[in-house]
>>> print(open('final_21.txt').read())   # compact mmCIF, C-alpha atoms
# COMPACT_ATOMS: atom_id res chain seq x y z
CA MET Q 1 54.07 -70.49 -20.64
CA ILE Q 2 53.56 -69.72 -16.98
CA GLU Q 3 56.17 -67.87 -14.96
CA LEU Q 4 55.95 -67.06 -11.26
CA ARG Q 5 57.57 -64.07 -9.56
CA ARG Q 6 57.61 -64.26 -5.79
CA ALA Q 7 57.20 -61.19 -3.60
CA ALA Q 8 60.68 -61.55 -2.08
CA GLU Q 9 62.27 -61.36 -5.54
CA ARG Q 10 61.07 -57.79 -6.13
CA GLY Q 11 63.20 -54.70 -5.78
CA HIS Q 12 62.94 -52.93 -2.43
CA ALA Q 13 63.67 -49.44 -1.20
CA ASN Q 14 62.97 -48.09 2.28
CA HIS Q 15 63.34 -44.32 2.58
CA GLY Q 16 61.81 -44.07 6.06
CA TRP Q 17 58.76 -42.10 4.98
CA LEU Q 18 58.25 -44.54 2.07
CA ASP Q 19 58.63 -48.31 2.01
CA SER Q 20 58.36 -49.50 -1.59
CA TYR Q 21 58.52 -52.83 -3.43
CA HIS Q 22 59.08 -52.77 -7.20
CA SER Q 23 57.77 -55.56 -9.42
CA PHE Q 24 59.76 -54.12 -12.34
CA SER Q 25 62.94 -52.05 -12.67
CA PHE Q 26 62.33 -48.63 -11.16
CA ALA Q 27 64.52 -45.81 -9.78
CA ASP Q 28 67.65 -47.39 -8.24
CA TYR Q 29 66.38 -50.94 -8.76
CA TYR Q 30 67.48 -52.31 -12.12
CA ASP Q 31 67.10 -55.87 -13.39
CA PRO Q 32 67.22 -56.40 -17.17
CA ARG Q 33 65.05 -59.53 -16.74
CA HIS Q 34 62.25 -57.43 -15.25
CA MET Q 35 61.82 -54.24 -17.27
CA GLY Q 36 58.06 -54.65 -17.61
CA TYR Q 37 55.65 -57.07 -19.23
CA SER Q 38 54.03 -56.10 -22.51
CA ALA Q 39 52.67 -52.57 -21.96
CA LEU Q 40 52.77 -52.97 -18.16
CA ARG Q 41 55.79 -50.99 -17.00
CA VAL Q 42 55.45 -50.43 -13.23
CA ILE Q 43 53.74 -52.00 -10.24
CA ASN Q 44 55.04 -50.37 -7.07
CA GLU Q 45 53.61 -51.45 -3.72
CA ASP Q 46 54.03 -48.34 -1.58
CA ARG Q 47 53.51 -47.68 2.11
CA VAL Q 48 53.60 -43.97 2.95
CA GLN Q 49 53.98 -42.76 6.53
CA PRO Q 50 51.52 -40.20 8.00
CA GLY Q 51 52.15 -36.62 6.93
CA SER Q 52 54.49 -37.73 4.15
CA GLY Q 53 54.30 -38.20 0.41
CA PHE Q 54 55.61 -37.48 -3.05
CA GLY Q 55 56.21 -33.77 -3.64
CA THR Q 56 55.31 -32.14 -6.92
CA HIS Q 57 56.98 -33.96 -9.81
CA GLY Q 58 56.42 -34.48 -13.51
CA HIS Q 59 55.34 -37.32 -15.80
CA ARG Q 60 54.75 -37.63 -19.52
CA ASP Q 61 53.44 -40.28 -21.93
CA MET Q 62 52.31 -42.77 -19.30
CA GLU Q 63 48.96 -44.11 -18.07
CA ILE Q 64 49.13 -44.05 -14.26
CA LEU Q 65 46.67 -45.94 -12.06
CA SER Q 66 46.54 -45.61 -8.27
CA TYR Q 67 44.80 -48.35 -6.27
CA VAL Q 68 44.55 -47.83 -2.50
CA LEU Q 69 44.52 -50.85 -0.20
CA GLU Q 70 44.57 -49.09 3.19
CA GLY Q 71 44.39 -45.49 4.34
CA SER Q 72 43.93 -42.55 1.99
CA LEU Q 73 45.96 -40.79 -0.68
CA GLY Q 74 45.66 -37.09 -1.42
CA HIS Q 75 46.26 -35.95 -5.00
CA GLU Q 76 46.83 -32.55 -6.61
CA ASP Q 77 47.94 -31.88 -10.18
CA SER Q 78 48.70 -29.14 -12.69
CA MET Q 79 45.35 -29.78 -14.42
CA GLY Q 80 43.61 -28.34 -11.35
CA ASN Q 81 42.45 -31.63 -9.88
CA GLY Q 82 42.46 -32.17 -6.15
CA SER Q 83 41.07 -35.32 -4.56
CA THR Q 84 41.51 -38.01 -1.96
CA ILE Q 85 41.28 -41.68 -2.88
CA VAL Q 86 40.47 -44.48 -0.44
CA PRO Q 87 40.09 -48.26 -0.74
CA GLY Q 88 37.67 -49.04 -3.57
CA ASP Q 89 38.65 -45.99 -5.62
CA VAL Q 90 40.63 -46.21 -8.86
CA GLN Q 91 42.42 -43.10 -10.05
CA ARG Q 92 43.67 -42.75 -13.63
CA MET Q 93 45.98 -40.01 -14.81
CA SER Q 94 47.05 -39.88 -18.46
CA ALA Q 95 50.27 -37.87 -18.37
CA GLY Q 96 50.32 -37.31 -22.13
CA ARG Q 97 52.52 -34.43 -23.21
CA GLY Q 98 53.25 -33.52 -19.61
CA VAL Q 99 51.67 -33.11 -16.18
CA ARG Q 100 52.89 -32.36 -12.66
CA HIS Q 101 51.31 -33.77 -9.53
CA SER Q 102 51.82 -34.60 -5.87
CA GLU Q 103 50.58 -37.47 -3.69
CA PHE Q 104 50.38 -37.38 0.11
CA ASN Q 105 49.18 -39.29 3.13
CA ASN Q 106 47.56 -36.37 4.90
CA GLU Q 107 46.47 -38.40 7.94
CA LYS Q 108 48.02 -37.78 11.35
CA SER Q 109 48.20 -41.52 12.02
CA GLY Q 110 47.94 -44.62 9.88
CA VAL Q 111 50.02 -45.72 6.91
CA THR Q 112 48.69 -45.35 3.37
CA HIS Q 113 49.20 -48.62 1.49
CA PHE Q 114 48.63 -48.44 -2.25
CA LEU Q 115 49.66 -49.76 -5.63
CA GLN Q 116 51.04 -47.42 -8.25
CA ILE Q 117 50.67 -48.90 -11.74
CA TRP Q 118 52.12 -47.52 -14.96
CA ILE Q 119 50.97 -48.68 -18.39
CA GLU Q 120 52.70 -47.45 -21.53
CA PRO Q 121 50.21 -45.68 -23.84
CA GLU Q 122 49.75 -46.64 -27.49
CA VAL Q 123 49.93 -42.98 -28.55
CA ALA Q 124 52.26 -40.22 -27.36
CA GLY Q 125 51.74 -36.52 -26.82
CA ILE Q 126 48.03 -36.55 -26.00
CA GLU Q 127 46.25 -33.97 -23.85
CA PRO Q 128 46.75 -34.87 -20.16
CA SER Q 129 43.57 -36.03 -18.41
CA TYR Q 130 42.31 -37.34 -15.08
CA GLU Q 131 39.58 -39.71 -13.97
CA GLN Q 132 38.49 -41.28 -10.69
CA LYS Q 133 35.84 -43.95 -10.13
CA ARG Q 134 34.72 -46.17 -7.29
CA PHE Q 135 34.43 -49.95 -7.40
CA GLY Q 136 33.14 -51.13 -4.03
CA ALA Q 137 33.78 -54.53 -2.48
CA ASP Q 138 30.33 -55.70 -3.55
CA GLN Q 139 31.35 -55.25 -7.21
CA LYS Q 140 34.56 -57.28 -6.78
CA ARG Q 141 33.43 -60.02 -4.40
CA GLY Q 142 33.99 -63.46 -5.97
CA ARG Q 143 34.50 -62.04 -9.46
CA LEU Q 144 36.92 -60.08 -11.61
CA ARG Q 145 35.51 -56.58 -12.05
CA LEU Q 146 36.79 -54.56 -15.01
CA ILE Q 147 38.32 -51.36 -13.60
CA ALA Q 148 40.33 -50.00 -16.56
CA SER Q 149 40.07 -50.43 -20.33
CA ARG Q 150 40.73 -48.62 -23.60
CA ASP Q 151 37.02 -48.03 -24.27
CA GLY Q 152 35.85 -47.40 -20.70
CA ALA Q 153 33.71 -50.54 -20.91
CA GLU Q 154 31.37 -51.44 -18.04
CA GLY Q 155 32.02 -48.11 -16.35
CA SER Q 156 35.77 -48.68 -16.04
CA VAL Q 157 38.29 -45.83 -16.20
CA THR Q 158 39.63 -45.18 -19.70
CA ILE Q 159 43.29 -45.84 -20.53
CA HIS Q 160 45.05 -45.13 -23.81
CA GLN Q 161 46.27 -48.66 -24.44
CA ASP Q 162 44.73 -51.93 -25.66
CA ALA Q 163 44.76 -53.36 -22.14
CA ARG Q 164 42.12 -54.38 -19.62
CA VAL Q 165 42.63 -54.39 -15.85
CA TYR Q 166 40.41 -56.38 -13.47
CA ALA Q 167 40.18 -56.47 -9.67
CA GLY Q 168 38.63 -59.16 -7.49
CA LEU Q 169 38.16 -60.29 -3.90
CA PHE Q 170 38.23 -64.01 -3.16
CA ASP Q 171 37.55 -66.22 -0.15
CA GLY Q 172 36.76 -69.90 0.20
CA ALA Q 173 34.81 -71.40 -2.68
CA GLU Q 174 34.65 -68.15 -4.68
CA ARG Q 175 36.06 -68.64 -8.16
CA ALA Q 176 36.48 -66.61 -11.36
CA GLU Q 177 37.74 -67.52 -14.80
CA GLN Q 178 39.08 -64.89 -17.18
CA PRO Q 179 39.58 -65.82 -20.86
CA LEU Q 180 42.69 -64.69 -22.68
CA ALA Q 181 42.46 -64.39 -26.45
CA PRO Q 182 45.22 -65.85 -28.67
CA GLY Q 183 48.16 -63.48 -28.94
CA ARG Q 184 47.37 -61.77 -25.62
CA LYS Q 185 49.41 -61.84 -22.41
CA GLY Q 186 48.11 -62.17 -18.87
CA TYR Q 187 49.63 -60.86 -15.66
CA VAL Q 188 48.24 -61.52 -12.18
CA HIS Q 189 49.34 -59.55 -9.12
CA VAL Q 190 48.19 -60.56 -5.63
CA ALA Q 191 47.69 -57.40 -3.63
CA ARG Q 192 46.96 -59.19 -0.35
CA GLY Q 193 45.96 -62.53 1.11
CA GLU Q 194 46.47 -65.93 -0.49
CA VAL Q 195 44.92 -67.44 -3.61
CA SER Q 196 45.36 -70.13 -6.24
CA VAL Q 197 45.88 -68.97 -9.84
CA ASN Q 198 45.89 -71.68 -12.50
CA GLY Q 199 46.75 -74.18 -9.78
CA HIS Q 200 49.67 -72.18 -8.36
CA GLY Q 201 49.50 -70.95 -4.77
CA LEU Q 202 50.24 -67.24 -4.56
CA ARG Q 203 50.59 -64.87 -1.61
CA ALA Q 204 50.60 -61.10 -1.24
CA GLY Q 205 53.16 -59.55 -3.58
CA ASP Q 206 53.47 -62.64 -5.76
CA ALA Q 207 52.77 -62.48 -9.50
CA LEU Q 208 52.05 -64.87 -12.36
CA LYS Q 209 52.73 -64.31 -16.07
CA THR Q 210 51.00 -66.31 -18.78
CA ASP Q 211 50.63 -66.23 -22.55
CA SER Q 212 47.55 -68.46 -22.73
CA GLY Q 213 44.15 -68.55 -21.10
CA PRO Q 214 42.02 -68.94 -19.26
CA ILE Q 215 43.20 -67.38 -16.00
CA VAL Q 216 41.50 -69.20 -13.13
CA VAL Q 217 41.40 -67.54 -9.70
CA GLU Q 218 40.11 -69.65 -6.77
CA ARG Q 219 40.56 -70.86 -3.19
CA GLY Q 220 41.27 -67.43 -1.77
CA ARG Q 221 41.97 -66.50 1.83
CA GLY Q 222 41.42 -62.78 2.25
CA ALA Q 223 42.72 -62.32 -1.30
CA GLU Q 224 42.64 -59.16 -3.39
CA VAL Q 225 43.84 -59.73 -6.92
CA LEU Q 226 44.58 -57.61 -10.00
CA VAL Q 227 44.50 -59.27 -13.44
CA PHE Q 228 45.94 -57.60 -16.56
CA ASP Q 229 44.92 -58.59 -20.09
CA LEU Q 230 47.71 -57.14 -22.26
CA PRO Q 231 48.66 -56.90 -25.93
CA GLU Q 232 51.40 -59.14 -27.25
CA LYS Q 233 53.43 -56.03 -28.15
>>> encode(input="final_21.txt", output="structure tokens")
Amino acid sequence: MIELRRAAERGHANHGWLDSYHSFSFADYYDPRHMGYSALRVINEDRVQPGSGFGTHGHRDMEILSYVLEGSLGHEDSMGNGSTIVPGDVQRMSAGRGVRHSEFNNEKSGVTHFLQIWIEPEVAGIEPSYEQKRFGADQKRGRLRLIASRDGAEGSVTIHQDARVYAGLFDGAERAEQPLAPGRKGYVHVARGEVSVNGHGLRAGDALKTDSGPIVVERGRGAEVLVFDLPEK
């Protein structure tokens, strides 16, 4: 099974300070056909205006990844963490039994463009935790670099779910092939540019779902791609 979801089919909300596209049902956008995929619950593509952001708010029992494409994103939370993430950084916050945090574009000019990703954990009520690591362009060029996994393999951030998240940059003849074990589900999200995935041409914001491997990424044009290897659930 292969299913495509085009960028224009996503939910959209423009609040002035925030322009957001929702791959799955979120906030005022509700579509029973798109409530998530396996343990993947949210992919929001957010653009935050300068001097704006998400005020302090709470989360619980969710693995939250932030992946910046342009600009910078300031973060503060009730665990005492304060940081700024920029392109190449991956931030993981395990909300567990409860955490409060804020996210801001603290720049005076320039929009912060980032992906907010939520993955449902396999265990509830854990101690909240935070992690941030850098995966530069050289690590993702022409390959799928593991950036998040249950066991923190290959220096990836650790998530509390049997899922693996990869990121890659592709141009021209660059090609990567990601196996998918029987019983697993694959989800590909194109963050920017254009690329072919399993023979299907995808553009920024497009996605591909599959329940069989391998996942073949090739013929990119300025492409940045996220690939999710997910449990059948």
>>> residues_near_point(input="final_21.txt", point="(39.3, -67.8, -17.9)", cutoff="9 Å", atoms="only C-alpha atoms", output="VMD selection string")
chain Q and resid 176 to 180 213 to 217
>>> closest_residue(input="final_21.txt", among="Q:Ile117, Q:Ile159, Q:Met62, Q:Ser72", to="Arg97 in chain Q", atoms="all atoms listed in the file")
Q:Met62
>>> closest_atom_pairs(input="final_21.txt", of="range 94-140 of chain Q", to="range 189-197 of chain Q", cutoff="12 Å", atoms="only C-alpha atoms", output="CSV")
residue,atom,partner,partner_atom,distance
Q:His113,CA,Q:Ala191,CA,10.3
Q:Phe114,CA,Q:Ala191,CA,9.1
Q:Leu115,CA,Q:Ala191,CA,8.1
Q:Gln116,CA,Q:Ala191,CA,11.5
Q:Ile117,CA,Q:His189,CA,11.0
>>> atom_distance(input="final_21.txt", atom1="CA of Ala137 in chain Q", atom2="CA of Ile64 in chain Q")
22.0 Å
>>> closest_residue(input="final_21.txt", among="Q:Lys233, Q:His75, Q:Arg143, Q:Lys209", to="Arg5 in chain Q", atoms="all atoms listed in the file")
Q:Lys209
>>> residues_around(input="final_21.txt", residues="Asp162 in chain Q", least_positions_apart="2", cutoff="8 Å", atoms="only C-alpha atoms", output="short mmCIF file (atom, residue, chain, number, x, y, z; two decimals) with C-alpha atoms, in the coordinates of the input")
data_model
loop_
_atom_site.label_atom_id
_atom_site.label_comp_id
_atom_site.auth_asym_id
_atom_site.auth_seq_id
_atom_site.Cartn_x
_atom_site.Cartn_y
_atom_site.Cartn_z
CA GLU Q 122 49.75 -46.64 -27.49
CA SER Q 149 40.07 -50.43 -20.33
CA ARG Q 150 40.73 -48.62 -23.60
CA HIS Q 160 45.05 -45.13 -23.81
CA ARG Q 164 42.12 -54.38 -19.62
CA LEU Q 230 47.71 -57.14 -22.26
CA PRO Q 231 48.66 -56.90 -25.93
#
>>> atom_distance(input="final_21.txt", atom1="CA of Ala153 in chain Q", atom2="CA of Glu174 in chain Q")
24.0 Å
>>> decode(input="final_21.txt", residues="range 2-38 of chain Q", atoms="C-alpha atoms", output="PDB file, in the first residue's frame")
ATOM      1  CA  ILE Q   2       1.213   3.459  -0.915  1.00  0.00           C
ATOM      2  CA  GLU Q   3      -0.863   6.547  -0.181  1.00  0.00           C
ATOM      3  CA  LEU Q   4       0.078  10.111  -1.077  1.00  0.00           C
ATOM      4  CA  ARG Q   5      -1.003  13.215   0.834  1.00  0.00           C
ATOM      5  CA  ARG Q   6      -0.369  16.456  -0.994  1.00  0.00           C
ATOM      6  CA  ALA Q   7       0.631  19.638   0.808  1.00  0.00           C
ATOM      7  CA  ALA Q   8      -2.530  21.492  -0.247  1.00  0.00           C
ATOM      8  CA  GLU Q   9      -4.704  18.826   1.418  1.00  0.00           C
ATOM      9  CA  ARG Q  10      -3.383  19.633   4.903  1.00  0.00           C
ATOM     10  CA  GLY Q  11      -5.199  21.685   7.489  1.00  0.00           C
ATOM     11  CA  HIS Q  12      -4.215  25.360   7.611  1.00  0.00           C
ATOM     12  CA  ALA Q  13      -4.472  28.097  10.197  1.00  0.00           C
ATOM     13  CA  ASN Q  14      -3.066  31.613   9.890  1.00  0.00           C
ATOM     14  CA  HIS Q  15      -3.113  33.581  13.135  1.00  0.00           C
ATOM     15  CA  GLY Q  16      -0.972  36.467  11.862  1.00  0.00           C
ATOM     16  CA  TRP Q  17       1.967  35.778  14.160  1.00  0.00           C
ATOM     17  CA  LEU Q  18       1.768  32.063  13.254  1.00  0.00           C
ATOM     18  CA  ASP Q  19       1.131  30.443   9.883  1.00  0.00           C
ATOM     19  CA  SER Q  20       0.669  26.707  10.404  1.00  0.00           C
ATOM     20  CA  TYR Q  21      -0.055  23.671   8.226  1.00  0.00           C
ATOM     21  CA  HIS Q  22      -1.283  20.490   9.918  1.00  0.00           C
ATOM     22  CA  SER Q  23      -0.583  17.067   8.411  1.00  0.00           C
ATOM     23  CA  PHE Q  24      -2.968  15.512  10.952  1.00  0.00           C
ATOM     24  CA  SER Q  25      -6.004  16.728  12.903  1.00  0.00           C
ATOM     25  CA  PHE Q  26      -4.899  19.427  15.322  1.00  0.00           C
ATOM     26  CA  ALA Q  27      -6.600  22.288  17.208  1.00  0.00           C
ATOM     27  CA  ASP Q  28      -9.506  23.554  15.064  1.00  0.00           C
ATOM     28  CA  TYR Q  29      -8.592  21.313  12.121  1.00  0.00           C
ATOM     29  CA  TYR Q  30     -10.377  17.971  12.346  1.00  0.00           C
ATOM     30  CA  ASP Q  31     -10.476  15.232   9.719  1.00  0.00           C
ATOM     31  CA  PRO Q  32     -11.309  11.699  10.894  1.00  0.00           C
ATOM     32  CA  ARG Q  33      -9.320  10.307   7.937  1.00  0.00           C
ATOM     33  CA  HIS Q  34      -6.157  11.988   9.220  1.00  0.00           C
ATOM     34  CA  MET Q  35      -5.877  11.515  12.973  1.00  0.00           C
ATOM     35  CA  GLY Q  36      -2.277  10.309  12.820  1.00  0.00           C
ATOM     36  CA  TYR Q  37      -0.371   7.375  11.405  1.00  0.00           C
ATOM     37  CA  SER Q  38       0.690   4.593  13.744  1.00  0.00           C
TER      38      SER Q  38
END
